[in-house]
Amino acid sequence: MERFSVYEAIAAMAAVTLICRCAGYMIFSHITPPLVVRRAMAHLPGCIFAAYVIPALVAGPPQNWAGAATTMVVMAKSRNLGLSIAMGVISIFVFDYFLIKDI
Amino acid sequence: METISFTSAGFKTGVRRSLPLLAGLSPFGFVVGLITQHHGLSLLQCMVMNGLVYAGASQLVALANWTHPAPILAAAFAALVVNMRFALMGPVLAPWLAGIKPLPRFISLAILVDHSWALSVTDMRRGGRDAALFFGLGVPLWCGWMLASTAGYLSASSLDLAPRNPIFFGALAAFVALLVPLWRGRIDLLPWSVAGIMSVTIAHMLPHTSWYIVAGALSGCMTGAAIEMRQE
């Protein structure tokens, strides 16, 4: 019974998530949104990631800011996503090693 | 209207471009697998959850409030609150999605994640018209997620990584890196700032939910639209 409830909960989560993934497109494909909504949607990509990243940085340890700055600079210069992520993580190892452990 | 294609070349490009994204997604998947094991789910339940829900943040929120028997309504509500942002993402890719057949369109949407969406939007803004890129990004990311979460589950009993291990910064670094090509210049400065300030505020007011993402994104969007309307 308990094992069954786990699968029920997973099924409920999966259904809700699938609806979230499909509903926006399905609704917007049947209506023509007004100009102001279309303009707002054009700003969505950057705003949604800013809304992820900034609270995570504010809530996280200070070295994450150094990691984020490194990631951004490397990405801006190289446009290489894998390299940028790797350099961001490495910069935190370096920051931890030289600054945190000496305190 | 521009013709949208769906080619194997586009799919392969998507697969190739997804590989660095796996560096960002894998640590997160690993952590989700690890935490799933800590909450007493079986390996099969872990794999079913990661395969079908495939939305790590909502899984973490649901698992944080996990009970025995499983909390069906609470888990569904966590999925709704955290994943509502996906409903905002689909319409942005409408020019691509409308131009492809229903089955690949449905599968593409079913495996939509932030990373594949961001790269697809960037390509679309640059004039890209091959919707298979989105599909090609999505498939390896789903496979990588399954591998990483399963590895996390299986390693849970033998591995002791501190929550602040820098390796976990990889998940956040991926989002930071994805922001860079989305930057269009000064036009984005105020909307992004408003999104950031609003999301930080809501994150403090409503902890342990993800309303902050939706609130931040919508306020930033509305700011951008208001600026454009005012400039005319």
# chains A, B, ... in the order shown; residues from 1 in each chain; ligands from 1

call {"tool": "interface_residues", "arguments": {"of": "chain B", "to": "chain A", "cutoff": "6 Å", "atoms": "only C-alpha atoms", "output": "VMD selection string"}}
result
chain B and resid 20 49 52 to 53 69 to 70 72 76 79 to 80 84 86 to 88 90 to 91 109 to 110 166 170 173 to 174 177 182 192 195 to 196 199 to 200 213 216 to 217 220 to 222 225

call {"tool": "closest_residue", "arguments": {"among": "B:Ser5, B:Thr201, B:Ser26, B:Ser219", "to": "B:Gly99", "atoms": "only C-alpha atoms"}}
result
B:Ser5

call {"tool": "closest_residue", "arguments": {"among": "B:Met124, B:Glu232, B:Val81, B:Ser157", "to": "B:Trp211", "atoms": "only C-alpha atoms"}}
result
B:Val81

call {"tool": "select_by_dssp", "arguments": {"residues": "stretch 13-211 of chain B", "states": "helix (DSSP H, G or I)", "output": "ChimeraX atom specification"}}
result
/B:13-38,43-52,56-64,72-92,94-97,102-110,114-125,132-155,166-182,186-205,211

call {"tool": "write_last_selection", "arguments": {"atoms": "C-alpha atoms", "output": "short mmCIF file (atom, residue, chain, number, x, y, z; two decimals), in the first residue's frame"}}
result
data_model
loop_
_atom_site.label_atom_id
_atom_site.label_comp_id
_atom_site.auth_asym_id
_atom_site.auth_seq_id
_atom_site.Cartn_x
_atom_site.Cartn_y
_atom_site.Cartn_z
CA THR B 13 23.92 19.88 -33.73
CA GLY B 14 21.65 19.79 -30.70
CA VAL B 15 23.27 16.61 -29.41
CA ARG B 16 26.73 18.14 -29.85
CA ARG B 17 25.75 21.35 -28.09
CA SER B 18 24.13 19.45 -25.24
CA LEU B 19 27.40 17.83 -24.15
CA PRO B 20 28.78 20.84 -22.22
CA LEU B 21 25.33 21.33 -20.69
CA LEU B 22 25.64 17.90 -19.14
CA ALA B 23 28.46 19.34 -17.02
CA GLY B 24 25.89 21.64 -15.44
CA LEU B 25 23.02 19.18 -15.24
CA SER B 26 24.90 16.12 -13.94
CA PRO B 27 25.94 17.42 -10.49
CA PHE B 28 22.34 18.45 -9.90
CA GLY B 29 21.01 15.07 -11.02
CA PHE B 30 23.57 13.38 -8.81
CA VAL B 31 22.37 15.35 -5.77
CA VAL B 32 18.72 14.57 -6.54
CA GLY B 33 19.55 10.84 -6.71
CA LEU B 34 21.48 11.08 -3.46
CA ILE B 35 18.62 12.79 -1.64
CA THR B 36 16.05 10.41 -3.10
CA GLN B 37 17.93 7.51 -1.53
CA HIS B 38 18.05 9.33 1.81
CA LEU B 43 16.03 2.48 -6.97
CA LEU B 44 13.10 1.78 -9.29
CA GLN B 45 11.03 4.55 -7.69
CA CYS B 46 14.01 6.91 -8.04
CA MET B 47 14.36 6.08 -11.72
CA VAL B 48 10.63 6.38 -12.41
CA MET B 49 10.50 9.75 -10.67
CA ASN B 50 13.55 11.11 -12.50
CA GLY B 51 12.41 9.73 -15.83
CA LEU B 52 8.81 10.93 -15.71
CA GLY B 56 15.00 18.34 -10.19
CA ALA B 57 14.05 21.45 -8.23
CA SER B 58 10.44 20.30 -7.80
CA GLN B 59 11.62 16.82 -6.83
CA LEU B 60 13.84 18.30 -4.11
CA VAL B 61 10.95 20.39 -2.75
CA ALA B 62 8.63 17.37 -2.77
CA LEU B 63 11.25 15.14 -1.14
CA ALA B 64 11.91 17.73 1.57
CA ILE B 72 0.27 12.73 -3.20
CA LEU B 73 -1.38 16.17 -3.06
CA ALA B 74 1.63 17.90 -1.52
CA ALA B 75 3.97 16.40 -4.11
CA ALA B 76 1.66 17.47 -6.94
CA PHE B 77 1.43 20.97 -5.49
CA ALA B 78 5.24 21.20 -5.22
CA ALA B 79 5.49 20.17 -8.86
CA LEU B 80 2.93 22.82 -9.84
CA VAL B 81 4.53 25.67 -7.93
CA VAL B 82 8.11 24.93 -8.97
CA ASN B 83 7.43 23.95 -12.57
CA MET B 84 4.96 26.68 -13.48
CA ARG B 85 7.85 28.47 -15.17
CA PHE B 86 7.79 25.80 -17.89
CA ALA B 87 4.37 27.12 -18.94
CA LEU B 88 6.02 30.46 -19.68
CA MET B 89 8.82 28.88 -21.69
CA GLY B 90 6.87 26.92 -24.30
CA PRO B 91 5.21 29.96 -25.94
CA VAL B 92 8.61 31.64 -26.49
CA ALA B 94 6.18 28.80 -30.53
CA PRO B 95 7.67 29.84 -33.91
CA TRP B 96 9.65 26.58 -33.92
CA LEU B 97 7.09 24.30 -32.28
CA PRO B 102 2.67 16.89 -33.35
CA LEU B 103 4.70 13.92 -32.07
CA PRO B 104 8.17 15.53 -32.07
CA ARG B 105 6.53 18.71 -30.77
CA PHE B 106 4.98 16.83 -27.85
CA ILE B 107 8.18 14.93 -27.02
CA SER B 108 10.23 18.13 -27.27
CA LEU B 109 7.90 19.85 -24.82
CA ALA B 110 7.75 16.81 -22.51
CA ASP B 114 15.84 25.25 -18.72
CA HIS B 115 19.17 24.47 -20.38
CA SER B 116 17.81 23.17 -23.69
CA TRP B 117 15.28 25.99 -23.81
CA ALA B 118 17.88 28.73 -23.26
CA LEU B 119 20.19 27.46 -26.00
CA SER B 120 17.25 27.02 -28.39
CA VAL B 121 15.98 30.55 -27.73
CA THR B 122 19.49 31.90 -28.33
CA ASP B 123 19.68 30.03 -31.64
CA MET B 124 16.17 31.12 -32.65
CA ARG B 125 17.02 34.77 -31.94
CA ALA B 132 15.34 19.62 -34.35
CA LEU B 133 18.04 21.49 -32.44
CA PHE B 134 15.67 21.74 -29.45
CA PHE B 135 14.86 18.02 -29.70
CA GLY B 136 18.55 17.15 -30.12
CA LEU B 137 19.43 19.13 -27.01
CA GLY B 138 16.66 17.53 -24.99
CA VAL B 139 17.30 13.82 -25.59
CA PRO B 140 20.94 13.61 -24.32
CA LEU B 141 20.09 15.86 -21.38
CA TRP B 142 17.32 13.45 -20.33
CA CYS B 143 19.68 10.48 -20.72
CA GLY B 144 22.42 12.29 -18.79
CA TRP B 145 19.95 13.17 -16.05
CA MET B 146 18.93 9.53 -15.71
CA LEU B 147 22.55 8.40 -15.49
CA ALA B 148 23.55 11.11 -13.01
CA SER B 149 20.54 10.64 -10.71
CA THR B 150 20.93 6.85 -10.73
CA ALA B 151 24.66 7.22 -10.00
CA GLY B 152 23.79 9.58 -7.14
CA TYR B 153 21.30 7.08 -5.73
CA LEU B 154 23.76 4.20 -5.93
CA SER B 155 26.60 6.27 -4.41
CA PRO B 166 32.40 23.27 -5.05
CA ILE B 167 31.36 20.56 -7.50
CA PHE B 168 27.73 21.43 -6.74
CA PHE B 169 28.36 24.97 -7.98
CA GLY B 170 28.32 23.42 -11.47
CA ALA B 171 24.50 23.51 -11.47
CA LEU B 172 24.42 27.25 -10.75
CA ALA B 173 27.37 27.93 -13.06
CA ALA B 174 25.37 26.46 -15.95
CA PHE B 175 22.59 29.01 -15.43
CA VAL B 176 25.09 31.86 -15.06
CA ALA B 177 26.79 30.84 -18.31
CA LEU B 178 23.45 30.53 -20.13
CA LEU B 179 22.65 34.14 -19.20
CA VAL B 180 25.62 35.49 -21.17
CA PRO B 181 24.41 34.78 -24.75
CA LEU B 182 20.92 35.97 -23.77
CA ARG B 186 21.34 47.95 -22.33
CA ILE B 187 17.73 47.11 -23.18
CA ASP B 188 18.05 44.15 -20.79
CA LEU B 189 19.63 45.99 -17.87
CA LEU B 190 16.50 47.28 -16.12
CA PRO B 191 14.26 44.21 -16.77
CA TRP B 192 16.98 41.85 -15.48
CA SER B 193 17.60 44.07 -12.44
CA VAL B 194 13.89 44.17 -11.60
CA ALA B 195 13.70 40.38 -12.05
CA GLY B 196 16.66 39.95 -9.70
CA ILE B 197 15.38 42.30 -7.00
CA MET B 198 11.84 40.90 -7.12
CA SER B 199 13.02 37.29 -7.01
CA VAL B 200 15.30 37.94 -4.01
CA THR B 201 12.41 39.68 -2.21
CA ILE B 202 9.90 36.89 -2.88
CA ALA B 203 12.47 34.21 -2.01
CA HIS B 204 12.76 35.82 1.44
CA MET B 205 9.00 36.21 1.86
CA TRP B 211 7.28 31.42 -6.57
#
